[in-house]
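Below is the file protein03.tsv, which contains TSV, C-alpha atoms.
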```tsv
chain	number	residue	atom	x	y	z
A	20	MET	CA	118.59	93.03	87.17
A	21	PRO	CA	119.84	90.36	89.58
A	22	ASP	CA	120.40	86.80	88.45
A	23	GLU	CA	118.09	85.56	91.21
A	24	VAL	CA	114.77	84.13	90.10
A	25	ALA	CA	111.97	83.74	92.64
A	26	THR	CA	110.80	80.26	93.57
A	27	PHE	CA	107.43	79.24	94.91
A	28	SER	CA	105.87	76.34	96.75
A	29	PRO	CA	104.22	73.53	94.77
A	30	GLU	CA	100.83	74.93	95.85
A	31	VAL	CA	101.60	78.36	94.40
A	32	GLU	CA	102.99	76.80	91.23
A	33	ALA	CA	99.74	74.83	90.89
A	34	GLU	CA	97.75	78.05	91.33
A	35	ILE	CA	99.85	79.68	88.60
A	36	ASP	CA	99.27	76.66	86.34
A	37	ARG	CA	95.49	77.01	86.87
A	38	HIS	CA	95.63	80.64	85.78
A	39	LEU	CA	97.77	79.87	82.73
A	40	ALA	CA	95.27	77.18	81.67
A	41	LYS	CA	92.56	79.87	81.40
A	42	TYR	CA	94.36	81.82	78.68
A	43	PRO	CA	95.13	80.64	75.14
A	44	VAL	CA	97.88	83.28	74.99
A	45	GLN	CA	100.06	82.98	78.10
A	46	ARG	CA	100.91	86.70	78.12
A	47	SER	CA	97.25	87.37	78.95
A	48	ALA	CA	97.81	85.87	82.40
A	49	ILE	CA	100.34	88.55	83.32
A	50	LEU	CA	98.14	90.50	85.77
A	51	PRO	CA	96.79	87.52	87.73
A	52	LEU	CA	100.31	86.14	87.98
A	53	MET	CA	101.65	89.51	89.14
A	54	PHE	CA	99.07	89.50	91.92
A	55	ILE	CA	100.19	86.03	92.99
A	56	VAL	CA	103.87	87.01	93.02
A	57	GLN	CA	103.02	90.21	94.90
A	58	ARG	CA	100.94	88.31	97.45
A	59	GLU	CA	103.70	85.76	98.03
A	60	ARG	CA	106.66	88.16	98.10
A	61	GLY	CA	105.03	91.32	99.47
A	62	TYR	CA	105.63	93.25	96.26
A	63	LEU	CA	106.77	92.61	92.71
A	64	ASP	CA	110.51	92.47	93.31
A	65	PRO	CA	113.25	91.86	90.71
A	66	PRO	CA	113.44	88.08	91.37
A	67	GLY	CA	109.64	87.94	90.97
A	68	VAL	CA	109.90	89.85	87.70
A	69	SER	CA	112.58	87.42	86.48
A	70	TYR	CA	110.32	84.51	87.41
A	71	LEU	CA	107.37	85.97	85.47
A	72	ALA	CA	109.50	86.74	82.42
A	73	SER	CA	110.79	83.17	82.38
A	74	ARG	CA	107.41	81.57	83.10
A	75	LEU	CA	105.61	83.62	80.43
A	76	SER	CA	108.47	83.57	77.89
A	77	LEU	CA	108.59	87.37	77.90
A	78	ARG	CA	111.33	89.94	78.22
A	79	ILE	CA	111.94	91.42	81.65
A	80	THR	CA	111.05	94.83	80.21
A	81	ASP	CA	107.64	93.45	79.17
A	82	ILE	CA	106.95	92.62	82.80
A	83	TRP	CA	108.16	96.01	84.09
A	84	GLU	CA	106.05	97.86	81.50
A	85	VAL	CA	102.89	96.29	82.87
A	86	ALA	CA	103.97	96.52	86.51
A	87	THR	CA	104.69	100.24	86.34
A	88	PHE	CA	101.43	101.03	84.54
A	89	TYR	CA	99.04	99.74	87.22
A	90	SER	CA	98.86	101.36	90.67
A	91	MET	CA	97.75	98.09	92.26
A	92	ILE	CA	101.04	96.43	91.38
A	93	HIS	CA	103.67	97.43	93.91
A	94	ILE	CA	107.29	97.56	92.82
A	95	LYS	CA	108.60	98.42	96.26
A	96	PRO	CA	107.53	97.22	99.71
A	97	ILE	CA	104.34	98.75	101.06
A	98	GLY	CA	102.78	98.86	104.49
A	99	LYS	CA	100.28	96.43	105.92
A	100	TYR	CA	97.62	99.09	105.27
A	101	HIS	CA	97.94	100.84	101.93
A	102	ILE	CA	96.01	104.12	101.84
A	103	GLN	CA	95.32	105.13	98.24
A	104	ILE	CA	93.77	108.58	97.93
A	105	CYS	CA	91.95	109.39	94.70
A	106	LYS	CA	93.44	112.50	93.13
A	107	THR	CA	91.26	112.94	90.06
A	108	LEU	CA	88.80	115.73	89.35
A	109	SER	CA	85.76	115.01	91.56
A	110	CYS	CA	87.86	114.09	94.56
A	111	LYS	CA	90.26	116.97	94.01
A	112	LEU	CA	87.43	119.51	93.76
A	113	LEU	CA	85.81	118.15	96.91
A	114	GLY	CA	88.90	118.16	99.11
A	115	ALA	CA	91.24	115.27	98.34
A	116	ASP	CA	94.26	117.53	98.86
A	117	LYS	CA	93.09	118.28	102.40
A	118	ILE	CA	92.58	114.55	103.05
A	119	THR	CA	96.05	113.76	101.70
A	120	LYS	CA	97.66	116.44	103.85
A	121	PHE	CA	95.76	115.25	106.93
A	122	CYS	CA	96.81	111.61	106.41
A	123	ALA	CA	100.44	112.57	105.82
A	124	GLU	CA	100.56	114.67	108.98
A	125	ARG	CA	98.71	112.08	111.06
A	126	LEU	CA	100.99	109.25	109.97
A	127	GLY	CA	104.20	111.29	109.84
A	128	ILE	CA	104.96	110.34	106.24
A	129	GLU	CA	104.72	111.87	102.78
A	130	VAL	CA	102.92	110.49	99.75
A	131	GLY	CA	104.93	107.55	98.44
A	132	GLU	CA	106.33	106.65	101.86
A	133	THR	CA	105.70	103.95	104.44
A	134	THR	CA	105.68	104.43	108.21
A	135	ALA	CA	108.79	103.23	110.05
A	136	ASP	CA	106.83	100.39	111.64
A	137	GLY	CA	105.72	99.15	108.20
A	138	GLU	CA	102.04	99.53	109.06
A	139	PHE	CA	100.93	102.28	106.63
A	140	SER	CA	101.82	103.41	103.11
A	141	LEU	CA	100.32	106.52	101.55
A	142	SER	CA	99.71	106.92	97.82
A	143	GLU	CA	97.79	109.14	95.47
A	144	VAL	CA	96.12	107.25	92.62
A	145	GLU	CA	94.01	107.97	89.59
A	146	CYS	CA	90.25	107.55	89.64
A	147	LEU	CA	88.91	104.83	91.92
A	148	GLY	CA	85.46	105.09	90.35
A	149	SER	CA	83.57	106.65	93.21
A	150	CYS	CA	83.08	110.18	91.88
A	151	GLY	CA	79.60	110.55	93.37
A	152	THR	CA	80.96	109.99	96.87
A	153	ALA	CA	84.09	112.12	96.66
A	154	PRO	CA	86.48	112.64	98.25
A	155	MET	CA	87.39	109.06	98.91
A	156	PHE	CA	90.24	106.71	99.56
A	157	GLN	CA	90.85	103.01	99.60
A	158	ILE	CA	92.67	101.18	102.37
A	159	ASN	CA	93.79	97.89	100.91
A	160	PHE	CA	90.54	96.86	99.17
A	161	ASP	CA	88.09	98.77	101.38
A	162	TYR	CA	86.53	101.98	100.07
A	163	HIS	CA	85.93	104.94	102.40
A	164	GLU	CA	83.80	107.66	100.87
A	165	ASN	CA	82.41	111.14	101.57
A	166	LEU	CA	85.53	111.85	103.60
A	167	THR	CA	86.13	114.70	106.00
A	168	THR	CA	89.18	115.06	108.21
A	169	GLU	CA	87.02	114.01	111.17
A	170	LYS	CA	85.89	110.87	109.38
A	171	VAL	CA	89.48	110.10	108.32
A	172	ALA	CA	90.65	110.48	111.94
A	173	GLU	CA	88.06	107.89	113.03
A	174	ILE	CA	89.04	105.51	110.24
A	175	LEU	CA	92.76	105.79	110.99
A	176	ASP	CA	92.11	105.36	114.72
A	177	GLY	CA	90.37	102.07	113.92
A	178	TYR	CA	93.35	100.83	111.95
A	179	LEU	CA	95.84	102.07	114.55
A	180	LYS	CA	94.08	99.99	117.24
A	181	ARG	CA	94.35	96.73	115.28
```
Turn the structure described in the file into structure tokens.
Amino acid sequence: MPDEVATFSPEVEAEIDRHLAKYPVQRSAILPLMFIVQRERGYLDPPGVSYLASRLSLRITDIWEVATFYSMIHIKPIGKYHIQICKTLSCKLLGADKITKFCAERLGIEVGETTADGEFSLSEVECLGSCGTAPMFQINFDYHENLTTEKVAEILDGYLKR
């Protein structure tokens, strides 16, 4: 772990203070603070982890344990558009593997990778809670459901034109 500790603007520090004030036990603020660090730094990097450990009076391993448990916390840089394909039972039975393969081929990357231009990252995640509209994926915070390869092609075309 590097000795570097992330620093933030006074506005971000004030936002962090507001979150900490909501929780009688500071550790309980770990997820909201991780989201802030991730937003500000692009992902939860080692200096951000050191900052959180110091700010919350926790061990660095406490921070990593939480960070590596949740798929929405990124511990390496991700693309501008993060495609998260649900891989659990309903989606799998209704074609998630085909959707994953199609996205990987279309973007020229494998699951867990980011395109060279930094625009897209591709991940498989556990249940996104949309079993009745499987298969589905999420791009950033937008759900796309009842997917077919044709529908995915249209969706990706829309993002590629941005």
Pick out the residues sitting within 9 Å of Ala153 of chain A, and hand them over as a PyMOL selection string; count only C-alpha atoms, and ignore anything fewer than 5 positions along from it in its own chain. chain A and resi 105+109-115+164-166
Take the selection from the previous step and output its residues with C-alpha atoms, as a CSV table (one decimal), keeping the file's coordinate frame.
```csv
chain,number,residue,atom,x,y,z
A,105,CYS,CA,92.0,109.4,94.7
A,109,SER,CA,85.8,115.0,91.6
A,110,CYS,CA,87.9,114.1,94.6
A,111,LYS,CA,90.3,117.0,94.0
A,112,LEU,CA,87.4,119.5,93.8
A,113,LEU,CA,85.8,118.2,96.9
A,114,GLY,CA,88.9,118.2,99.1
A,115,ALA,CA,91.2,115.3,98.3
A,164,GLU,CA,83.8,107.7,100.9
A,165,ASN,CA,82.4,111.1,101.6
A,166,LEU,CA,85.5,111.8,103.6
```
- With a distance cut-off of 6 Å and all atoms listed in the file, select the neighbouring residues of segment 25-37 of chain A, excluding the residue or stretch itself and same-chain residues fewer than 5 positions from it, and output the selection as a list in words. Pro66, Gly67 and Tyr70 of chain A
Selected residue, from A:Lys180, A:His93, A:Arg58, A:His38, that lies nearest to Leu75 of chain A when counting all atoms listed in the file =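 With all atoms listed in the file as the atom set, the closest residue is A:His38.
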Checklist entry - Can you tell me how far atom CA of Leu52 of chain A sits from atom CA of Glu23 of chain A, in Å to one decimal? => result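 Atom CA of Leu52 of chain A sits 18.1 Å away from atom CA of Glu23 of chain A.
With all atoms listed in the file as the atoms that count, the minimum distance from Glu132 of chain A to the choices A:Leu147, A:Lys95, A:Lys106, A:Thr167 is reached by A:Lys95.
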Note to self: If I take atom CA of Glu173 of chain A and atom CA of Ile104 of chain A, how far is one from the other in Å, to one decimal?
What the structure shows: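 Between these atoms lies a distance of 16.2 Å.
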Enclose segment 95-114 of chain A, meaning all of its atoms listed in the file, in a box aligned along x, y and z, pad it by 3 Å on each side, and list the centre and edge lengths in Å to one decimal, as AutoDock Vina command-line options.
```
--center_x 97.2 --center_y 108.0 --center_z 97.6 --size_x 28.8 --size_y 29.1 --size_z 22.6
```
The distance between atom CA of Ala135 of chain A and atom CA of Trp83 of chain A is 27.0 Å
